[in-house]
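Report on the following structure.
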Amino acid sequence: MEIKTQIEKAKQGDQTAFTFLLNHYWSEVYGFMLKRTENETNAEDITIETFSKAFDKIATYNPEFQFNTWLISIAKNVYIDMLRKRKSSLFVEITEQEDQKAYNIADTTPSKEDELITEQNLSQLLQYIKELKPHYQEVIQLRYFQEMSYQEIANKIDEPLNNVKVKLLRAKKLLAEIINNRR
């Protein structure tokens, strides 16, 4: 029942619901793609792209189907697209129009992860950040140390805005886990 409630909230643009769904289904989608790609980086990139597309198109989700089934079908399509393109880059440019339609999953309200991250002393925080994968380190550095907007980060790393938002949500969750494990 909780999942259905979170999906409905996400359809209304609720940031907390997006984060809940990302955290709840990340491992399942990532694990599914890891078996297919046998490559952690590709599996992670496909998973980020999957959640980006899912959040962008959540209004089209049909509740007659399981949410995880819907996510997996998106992931399969992203993977097929990747195989078709056979490019080193897994990301496609979003047009300006799609960008305008994209749900604003970047909320400025500090999350539990934000609060946990900001209460760390700087040198300790930098040590924790070094434990993240490089692409997560990059978005955290750009967002928190260079104080770039989501759009500025998207332009700098040449990725769609929604991918940046999903990467930051994921990076903050992983960083919060590292901080909690060291306490």
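Chain labels A, B, ... are given in the sequence in which chains occur in the structure tokens; within each chain residues are numbered consecutively from 1, and ligands are likewise numbered from 1 in the order shown.
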
For Pro63 of chain A, please output as a list in words all residues within 10 Å (counting only C-alpha atoms; exclusion window: fewer than 2 positions along the same chain).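 Result of the neighbour search: Lys4, Ile7, Glu8, Thr60, Tyr61, Phe65, Gln66, Phe67 and Trp70 of chain A.
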
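For the set A:Leu174, A:Val164, A:Ala43, A:Leu21, the residue with the smallest atom-to-atom gap to Met148 of chain A is A:Val164, counting only C-alpha atoms.
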
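If you count only C-alpha atoms and ignore residues fewer than 2 places along the chain from Phe145 of chain A, what sits within 12 Å of it is Thr118, Leu122, Leu125, Leu126, Ile129, Gln137, Glu138, Val139, Ile140, Gln141, Leu142, Arg143, Glu147, Met148 and Ser149 of chain A.
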
Between A:Glu152, A:Glu131, A:Asp158, A:Glu113, which is the closest to Arg170 of chain A once you count only C-alpha atoms?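 For Arg170 of chain A, the nearest of the candidates is A:Glu113.
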
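Going from atom CA of Gly31 of chain A over to atom CA of Lys11 of chain A, you cover 25.4 Å.
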
Can you list every residue in segment 19-173 of chain A that DSSP puts in helix (DSSP H, G or I), as a PyMOL selection string? chain A and resi 19-37+40-56+58-60+67-85+96-101+112-118+122-129+134-145+150-157+161-173

Which residue of A:Lys76, A:Lys57, A:Lys85, A:Lys172 approaches Asn23 of chain A most closely, using only C-alpha atoms: A:Lys172

Using Å and a single decimal, report how far atom CA of Asn180 of chain A sits from atom CA of Glu28 of chain A.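 About the pair atom CA of Glu28 of chain A and atom CA of Asn180 of chain A: they are 22.8 Å apart.
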
Nearest residue to Lys53 of chain A out of A:Asn162, A:Thr19, A:Gln6, A:Asn181, using only C-alpha atoms? A:Asn162

Determine the nearest neighbour of Lys165 of chain A from the options A:Met33, A:Ile153, A:Met82, A:Leu132, counting only C-alpha atoms.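 Of all the options, A:Ile153 lies closest to Lys165 of chain A.
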
Which distance in Å separates atom CA of Ile178 of chain A and atom CA of Leu116 of chain A, to one decimal? 10.7 Å

When distances are computed from only C-alpha atoms, which of A:Val166, A:Ala17, A:Leu175, A:Ile3 shows the smallest separation from Thr50 of chain A?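 For Thr50 of chain A, the nearest of the given residues is A:Val166.
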